[in-house]
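Novice: This is coords-v6.txt (compact mmCIF, C-alpha atoms).
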# COMPACT_ATOMS: atom_id res chain seq x y z
CA MET A 1 29.37 -3.94 -28.19
CA THR A 2 27.65 -3.66 -24.81
CA THR A 3 24.34 -1.99 -23.98
CA LYS A 4 23.50 -0.65 -20.54
CA ILE A 5 20.36 -1.83 -18.75
CA ILE A 6 19.09 0.97 -16.54
CA MET A 7 16.40 1.27 -13.89
CA PRO A 8 13.68 3.17 -15.80
CA LYS A 9 11.76 6.16 -14.46
CA LEU A 10 8.19 4.91 -14.88
CA GLY A 11 6.45 7.96 -13.44
CA GLU A 12 7.03 11.59 -12.59
CA THR A 13 7.27 10.87 -8.86
CA MET A 14 9.26 7.65 -9.12
CA GLU A 15 12.69 7.97 -7.49
CA GLU A 16 13.62 4.30 -7.12
CA GLY A 17 12.39 0.88 -8.10
CA GLN A 18 12.71 -2.61 -6.71
CA ILE A 19 13.79 -5.42 -9.01
CA GLY A 20 10.93 -7.86 -8.60
CA LYS A 21 12.23 -10.58 -10.91
CA TRP A 22 14.78 -11.13 -13.64
CA LEU A 23 13.04 -12.89 -16.54
CA LYS A 24 16.37 -13.97 -18.04
CA LYS A 25 19.49 -15.45 -16.46
CA GLU A 26 23.06 -14.35 -17.05
CA GLY A 27 24.30 -15.90 -20.28
CA GLU A 28 20.85 -16.31 -21.83
CA ARG A 29 20.07 -14.72 -25.18
CA VAL A 30 17.48 -11.97 -25.28
CA GLU A 31 15.80 -10.15 -28.15
CA LYS A 32 15.21 -6.40 -28.27
CA GLY A 33 11.69 -5.64 -27.01
CA GLN A 34 11.44 -8.95 -25.13
CA PRO A 35 10.46 -8.67 -21.42
CA LEU A 36 13.72 -8.69 -19.48
CA PHE A 37 12.88 -7.92 -15.84
CA GLU A 38 10.05 -6.81 -13.56
CA VAL A 39 10.12 -3.55 -11.61
CA VAL A 40 8.06 -2.90 -8.49
CA SER A 41 7.46 0.82 -7.95
CA ASP A 42 5.33 2.65 -5.40
CA LYS A 43 2.44 2.45 -7.87
CA ALA A 44 2.42 -0.99 -9.50
CA ASN A 45 4.43 -3.77 -11.14
CA PHE A 46 5.88 -3.31 -14.63
CA GLU A 47 7.65 -5.55 -17.12
CA VAL A 48 10.63 -3.79 -18.70
CA GLU A 49 11.70 -4.74 -22.20
CA SER A 50 15.24 -5.44 -23.33
CA PRO A 51 16.90 -2.38 -24.91
CA ALA A 52 18.94 -4.53 -27.32
CA THR A 53 19.44 -7.98 -28.81
CA GLY A 54 22.28 -10.08 -27.45
CA PHE A 55 23.25 -11.96 -24.31
CA LEU A 56 22.50 -10.94 -20.73
CA ARG A 57 26.18 -10.43 -19.97
CA LYS A 58 25.99 -9.21 -16.37
CA ILE A 59 23.37 -8.63 -13.65
CA LEU A 60 24.56 -5.99 -11.17
CA PHE A 61 21.56 -5.99 -8.83
CA GLU A 62 19.65 -9.06 -7.71
CA GLU A 63 15.93 -9.61 -7.21
CA GLY A 64 14.55 -7.75 -4.20
CA GLN A 65 17.15 -4.97 -4.31
CA THR A 66 15.99 -1.35 -4.56
CA VAL A 67 17.80 0.81 -7.09
CA PRO A 68 17.61 4.57 -7.87
CA VAL A 69 16.12 5.43 -11.28
CA THR A 70 18.55 5.75 -14.23
CA LYS A 71 21.18 3.62 -12.42
CA ILE A 72 22.82 0.84 -14.42
CA ILE A 73 21.58 -2.57 -13.27
CA GLY A 74 23.12 -4.79 -15.91
CA TYR A 75 24.60 -5.18 -19.38
CA ILE A 76 23.63 -6.83 -22.66
CA ALA A 77 26.51 -7.79 -24.96
CA ASP A 78 26.94 -9.23 -28.43
CA SER A 79 28.77 -12.17 -26.86
CA MET A 80 29.62 -13.48 -23.39
CA GLU A 81 33.31 -12.77 -24.08
CA GLU A 82 32.63 -9.05 -24.50
CA GLN A 83 34.63 -6.92 -22.03
CA LEU A 84 32.54 -4.88 -19.60
CA PRO A 85 33.14 -1.24 -18.60
CA GLU A 86 35.42 -0.67 -15.60
CA GLU A 87 32.62 0.71 -13.40
CA THR A 88 31.03 -2.76 -13.39
CA ALA A 89 33.62 -4.07 -10.94
CA ALA A 90 33.06 -1.10 -8.63
CA VAL A 91 29.32 -1.74 -8.50
CA SER A 92 29.70 -5.50 -8.08
CA GLU A 93 32.07 -5.11 -5.14
CA THR A 94 30.01 -2.65 -3.10
CA ALA A 95 29.11 -5.37 -0.59
CA SER A 96 32.66 -6.61 -0.07
CA PRO A 97 33.73 -4.10 2.65
CA TYR A 98 30.96 -5.41 4.90
CA LEU A 99 32.05 -9.00 4.33
CA GLU A 100 35.66 -8.13 5.10
CA LYS A 101 34.63 -6.29 8.25
CA LYS A 102 32.54 -9.26 9.35
CA ASN A 103 35.46 -11.63 8.83
CA ARG A 104 37.71 -9.39 10.96
CA ILE A 105 35.40 -9.42 13.98
CA LYS A 106 37.17 -10.73 17.09
CA ILE A 107 35.12 -13.51 18.65
CA SER A 108 35.89 -16.64 20.64
CA PRO A 109 35.20 -19.99 18.92
CA LEU A 110 32.58 -20.86 21.56
CA ALA A 111 30.81 -17.52 21.10
CA ARG A 112 30.88 -17.88 17.30
CA ARG A 113 29.39 -21.37 17.48
CA LEU A 114 26.65 -20.19 19.86
CA ALA A 115 25.82 -17.22 17.61
CA GLU A 116 25.55 -19.51 14.58
CA GLN A 117 23.23 -21.88 16.47
CA LYS A 118 20.98 -18.99 17.52
CA GLY A 119 21.08 -17.29 14.11
CA ILE A 120 22.58 -14.09 15.56
CA ASP A 121 24.47 -11.59 13.40
CA ILE A 122 27.76 -11.15 15.26
CA SER A 123 28.40 -7.77 13.63
CA LYS A 124 25.64 -6.38 15.87
CA ILE A 125 27.22 -7.60 19.12
CA LYS A 126 29.52 -5.36 21.15
CA GLY A 127 32.39 -7.39 22.57
CA THR A 128 33.49 -6.87 26.19
CA GLY A 129 36.51 -9.17 26.11
CA PRO A 130 40.16 -8.15 25.61
CA GLY A 131 40.51 -5.88 22.56
CA GLY A 132 36.75 -5.89 22.03
CA ARG A 133 36.61 -9.67 21.61
CA ILE A 134 33.09 -11.11 21.70
CA THR A 135 32.61 -13.69 24.44
CA LYS A 136 29.97 -16.34 25.08
CA GLU A 137 28.45 -14.04 27.72
CA ASP A 138 28.16 -11.22 25.15
CA VAL A 139 26.19 -13.48 22.82
CA GLU A 140 23.87 -14.65 25.60
CA LYS A 141 23.29 -11.07 26.77
CA PHE A 142 22.55 -9.92 23.21
CA GLN A 143 20.05 -12.74 22.77
CA SER A 144 18.20 -11.92 25.99
CA VAL A 145 17.91 -8.24 25.00
CA ALA A 146 16.83 -9.12 21.46
CA LYS A 147 13.91 -11.18 22.79
CA THR A 148 12.37 -8.08 24.38
CA GLU A 149 12.76 -5.93 21.27
CA SER A 150 10.32 -5.63 18.41
CA ARG A 151 11.33 -6.73 14.94
CA GLU A 152 10.63 -4.85 11.73
CA VAL A 153 10.25 -6.86 8.54
CA PRO A 154 10.49 -4.83 5.31
CA LEU A 155 7.62 -5.53 2.94
CA SER A 156 8.27 -6.58 -0.63
CA GLY A 157 7.10 -4.17 -3.31
CA ILE A 158 3.72 -5.73 -4.03
CA ARG A 159 2.94 -6.32 -0.33
CA LYS A 160 3.84 -2.71 0.42
CA ILE A 161 1.52 -1.45 -2.32
CA ILE A 162 -1.38 -3.62 -1.11
CA ALA A 163 -0.94 -2.48 2.49
CA GLU A 164 -0.81 1.17 1.44
CA ARG A 165 -3.91 0.89 -0.77
CA LEU A 166 -6.00 -0.88 1.87
CA SER A 167 -4.90 1.58 4.57
CA GLN A 168 -5.61 4.48 2.24
CA SER A 169 -9.10 3.14 1.62
CA LYS A 170 -9.82 3.09 5.34
CA ARG A 171 -8.41 6.58 5.93
CA GLN A 172 -9.93 8.45 3.00
CA ALA A 173 -13.41 6.96 2.68
CA PRO A 174 -16.09 6.81 5.41
CA HIS A 175 -16.92 3.19 6.23
CA TYR A 176 -20.25 1.94 7.49
CA TYR A 177 -21.75 -1.53 7.71
CA LEU A 178 -25.26 -2.69 6.90
CA GLN A 179 -26.73 -6.11 7.62
CA ALA A 180 -29.73 -7.43 5.71
CA GLU A 181 -31.26 -10.77 4.75
CA ILE A 182 -31.39 -11.53 1.02
CA ASP A 183 -33.21 -14.33 -0.77
CA MET A 184 -30.53 -15.93 -2.97
CA SER A 185 -32.76 -18.67 -4.41
CA ASP A 186 -32.75 -17.22 -7.94
CA THR A 187 -28.99 -16.76 -7.79
CA VAL A 188 -28.49 -20.37 -6.70
CA ARG A 189 -30.66 -21.62 -9.59
CA MET A 190 -28.92 -19.35 -12.09
CA ARG A 191 -25.51 -20.59 -10.97
CA GLU A 192 -26.56 -24.23 -11.29
CA ASP A 193 -27.90 -23.58 -14.80
CA LEU A 194 -24.69 -21.84 -15.92
CA LEU A 195 -22.26 -24.36 -14.45
CA THR A 196 -21.02 -27.02 -16.85
CA GLU A 197 -20.41 -30.58 -15.68
CA GLU A 198 -16.67 -29.97 -15.85
CA GLU A 199 -16.90 -26.78 -13.78
CA LYS A 200 -18.88 -28.51 -11.03
CA THR A 201 -15.82 -30.60 -10.14
CA SER A 202 -13.20 -27.94 -10.87
CA SER A 203 -11.73 -25.32 -8.54
CA ALA A 204 -12.22 -22.71 -11.30
CA HIS A 205 -15.95 -22.14 -11.60
CA LEU A 206 -18.69 -19.54 -11.30
CA SER A 207 -19.00 -18.68 -7.62
CA TYR A 208 -21.36 -16.68 -5.43
CA THR A 209 -18.59 -14.11 -5.08
CA ASP A 210 -18.83 -13.52 -8.84
CA ALA A 211 -22.56 -12.84 -8.49
CA ILE A 212 -21.97 -10.43 -5.60
CA ILE A 213 -19.31 -8.54 -7.60
CA ARG A 214 -21.70 -8.22 -10.55
CA ALA A 215 -24.56 -7.06 -8.32
CA THR A 216 -22.28 -4.51 -6.65
CA ALA A 217 -21.24 -3.14 -10.04
CA LEU A 218 -24.85 -2.72 -11.18
CA SER A 219 -25.72 -1.03 -7.88
CA LEU A 220 -22.88 1.45 -8.32
CA GLU A 221 -24.16 2.23 -11.81
CA GLN A 222 -27.65 2.90 -10.46
CA VAL A 223 -26.33 5.02 -7.57
CA PRO A 224 -23.24 6.69 -9.10
CA VAL A 225 -22.59 8.88 -6.06
CA LEU A 226 -21.36 5.73 -4.30
CA ASN A 227 -18.73 5.24 -7.01
CA SER A 228 -16.83 8.31 -5.83
CA THR A 229 -13.83 9.41 -3.83
CA TYR A 230 -13.41 12.43 -1.60
CA GLU A 231 -10.31 14.39 -2.60
CA ASN A 232 -9.23 17.90 -1.59
CA GLY A 233 -12.68 18.96 -0.47
CA LYS A 234 -14.37 17.70 -3.64
CA LEU A 235 -16.36 14.61 -4.59
CA ARG A 236 -14.84 12.88 -7.60
CA SER A 237 -17.24 10.49 -9.38
CA PHE A 238 -16.18 7.80 -11.85
CA LYS A 239 -18.05 6.50 -14.88
CA GLU A 240 -16.22 3.17 -14.92
CA VAL A 241 -16.80 0.69 -12.11
CA ASN A 242 -13.56 -0.98 -10.94
CA ILE A 243 -13.74 -3.42 -8.04
CA GLY A 244 -10.83 -4.80 -6.03
CA VAL A 245 -11.26 -8.32 -4.67
CA ALA A 246 -9.08 -9.50 -1.79
CA VAL A 247 -7.77 -13.01 -2.51
CA ALA A 248 -5.83 -15.10 -0.01
CA LEU A 249 -3.02 -17.09 -1.65
CA GLN A 250 -0.29 -19.23 -0.12
CA GLU A 251 2.11 -16.34 -0.73
CA GLY A 252 -0.20 -13.92 1.13
CA LEU A 253 -3.06 -11.54 0.45
CA VAL A 254 -3.39 -9.92 -2.98
CA VAL A 255 -6.05 -7.52 -4.27
CA PRO A 256 -6.51 -7.83 -8.04
CA VAL A 257 -8.66 -5.08 -9.57
CA ILE A 258 -11.41 -6.07 -12.02
CA LYS A 259 -11.83 -3.25 -14.53
CA ASP A 260 -15.17 -1.97 -15.86
CA VAL A 261 -17.19 -4.69 -14.13
CA ALA A 262 -20.58 -3.25 -15.10
CA ASN A 263 -19.90 -3.95 -18.77
The structure given in the file should be rewritten as structure tokens.

Specialist:
Amino acid sequence: MTTKIIMPKLGETMEEGQIGKWLKKEGERVEKGQPLFEVVSDKANFEVESPATGFLRKILFEEGQTVPVTKIIGYIADSMEEQLPEETAAVSETASPYLEKKNRIKISPLARRLAEQKGIDISKIKGTGPGGRITKEDVEKFQSVAKTESREVPLSGIRKIIAERLSQSKRQAPHYYLQAEIDMSDTVRMREDLLTEEEKTSSAHLSYTDAIIRATALSLEQVPVLNSTYENGKLRSFKEVNIGVAVALQEGLVVPVIKDVAN
């Protein structure tokens, strides 16, 4: 018996989701309720559990691909010999027409070699040779034009969410900046007292950023009007203090949210 794995609808407004990561490989055994894959939506990241126990028989969409909700993205089967439904082949071969078209492109050997060296997709070049054949001059002309054009790089799901949230913060909330001198002597002494000998030589330790986050949370509790958002002509105040902290990693900027910091 086979069980369909579908792209779940994780919210009322969700129309599609990006497969962030498969947590199992084809052929691996999976238990019902065990995390099977990660979905990146326009709101957040979610782990999706396996709908059945068995083997991950087939993955139809790879990591990074965006899929409409309720679409089949894979199958779980009782065994790896289990026959899959006929529509599986149709989904798996959706990319083949492009590959066939690319292989049929007329191009001279010299032009093909030049395009490969420059990393140029020959399917985007219009050939001016006999029968639309792409020549060396066509490749060189395409490269010179491409240098003057801008390039758009699609953001991955989590990067897209971070960019949208930070931009939204700038657009929807008035920003102002205040400079002041603060005596941090007590904070320095407190930090030294709380640090263990092991933490003093470790990269994971109590930092001044931690103290600033805590002080910010207490300030927002004392002045609750600052812990508000302006929405549809109304001021919406929150009881819980949640603070996002921008952290630069090798993979890029992330903004984890610390919940209920004041407590």

Novice: Give me the residues near Asp260 in chain A as a PyMOL selection string, where near means some atom within 6 Å (using all atoms listed in the file) and where sequence neighbours in that chain fewer than 2 positions away do not count.

Specialist: chain A and resi 240-242+262-263

Novice: For the residues in that selection, give me C-alpha atoms as a PDB file, in the frame of the given file.

Specialist:
ATOM      1  CA  GLU A 240     -16.220   3.170 -14.920  1.00  0.00           C
ATOM      2  CA  VAL A 241     -16.800   0.690 -12.110  1.00  0.00           C
ATOM      3  CA  ASN A 242     -13.560  -0.980 -10.940  1.00  0.00           C
ATOM      4  CA  ALA A 262     -20.580  -3.250 -15.100  1.00  0.00           C
ATOM      5  CA  ASN A 263     -19.900  -3.950 -18.770  1.00  0.00           C
TER       6      ASN A 263
END

Novice: Using all atoms listed in the file, find the one residue out of A:Gln117, A:Leu178, A:Arg171, A:Lys239 that sits nearest to Asn227 in chain A.

Specialist: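 Smallest distance to Asn227 in chain A is found for A:Lys239.
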
Novice: Counting only C-alpha atoms, figure out which residue out of A:Ser79, A:Ser50, A:Thr70, A:Asn45 gets nearest to Arg159 in chain A.

Specialist: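 With only C-alpha atoms as the atom set, the closest residue is A:Asn45.
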
Novice: Around the point (15.4, 8.5, -6.0), in the coordinates given by the file, pick out the residues reaching within 7 Å, counting all atoms listed in the file, and return them as an MDAnalysis selection string.

Specialist: chainID A and resid 14:16 68:69

Novice: Residues within 12 Å of Lys24 in chain A, please, as an MDAnalysis selection string. Count only C-alpha atoms; anything in the same chain fewer than 6 positions from it doesn't count.

Specialist: chainID A and resid 30:31 34:38 48:50 54:59 62:63 74 76

Novice: What does the distance between CA of Arg165 in chain A and CA of Glu12 in chain A come to in Å, to one decimal place?

Specialist: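 That distance, rounded to one decimal, is 19.3 Å.
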
Novice: Applying 7 Å and only C-alpha atoms, which residues near range 138-147 of chain A remain after dropping the ones on its own chain fewer than 2 positions away? List them as a ChimeraX atom specification.

Specialist: /A:111,115,125,127-128,134-136,149

Novice: Could you save those same residues with C-alpha atoms as a short mmCIF file (atom, residue, chain, number, x, y, z; two decimals), in the coordinates of the input?

Specialist:
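Contents of out-v6.cif, freshly written:
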data_model
loop_
_atom_site.label_atom_id
_atom_site.label_comp_id
_atom_site.auth_asym_id
_atom_site.auth_seq_id
_atom_site.Cartn_x
_atom_site.Cartn_y
_atom_site.Cartn_z
CA ALA A 111 30.81 -17.52 21.10
CA ALA A 115 25.82 -17.22 17.61
CA ILE A 125 27.22 -7.60 19.12
CA GLY A 127 32.39 -7.39 22.57
CA THR A 128 33.49 -6.87 26.19
CA ILE A 134 33.09 -11.11 21.70
CA THR A 135 32.61 -13.69 24.44
CA LYS A 136 29.97 -16.34 25.08
CA GLU A 149 12.76 -5.93 21.27
#

Novice: With a distance cut-off of 12 Å and only C-alpha atoms, select the neighbouring residues of range 214-216 of chain A, excluding the residue or stretch itself and same-chain residues fewer than 5 positions from it, and output the selection as a count of residues only.

Specialist: 23

Novice: Between CA of Thr2 in chain A and CA of Pro85 in chain A, what is the spacing in Å?

Specialist: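 Straight-line distance from CA of Pro85 in chain A to CA of Thr2 in chain A works out to 8.6 Å.
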
Novice: For a test of reading the model, state the distance in Å between CA of Thr13 in chain A and CA of Pro174 in chain A, rounded to one decimal.

Specialist: 27.7 Å

Novice: Identify which of the residues A:Ile105, A:Leu249, A:Met80, A:Leu166 lies closest to Glu28 in chain A, counting only C-alpha atoms when measuring atom-to-atom distances.

Specialist: A:Met80

Novice: Given all atoms listed in the file as the basis, pick out the residue of A:Ile19, A:Ile182, A:Ile72, A:Val40 nearest to Ile6 in chain A.

Specialist: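 Smallest distance to Ile6 in chain A is found for A:Ile72.
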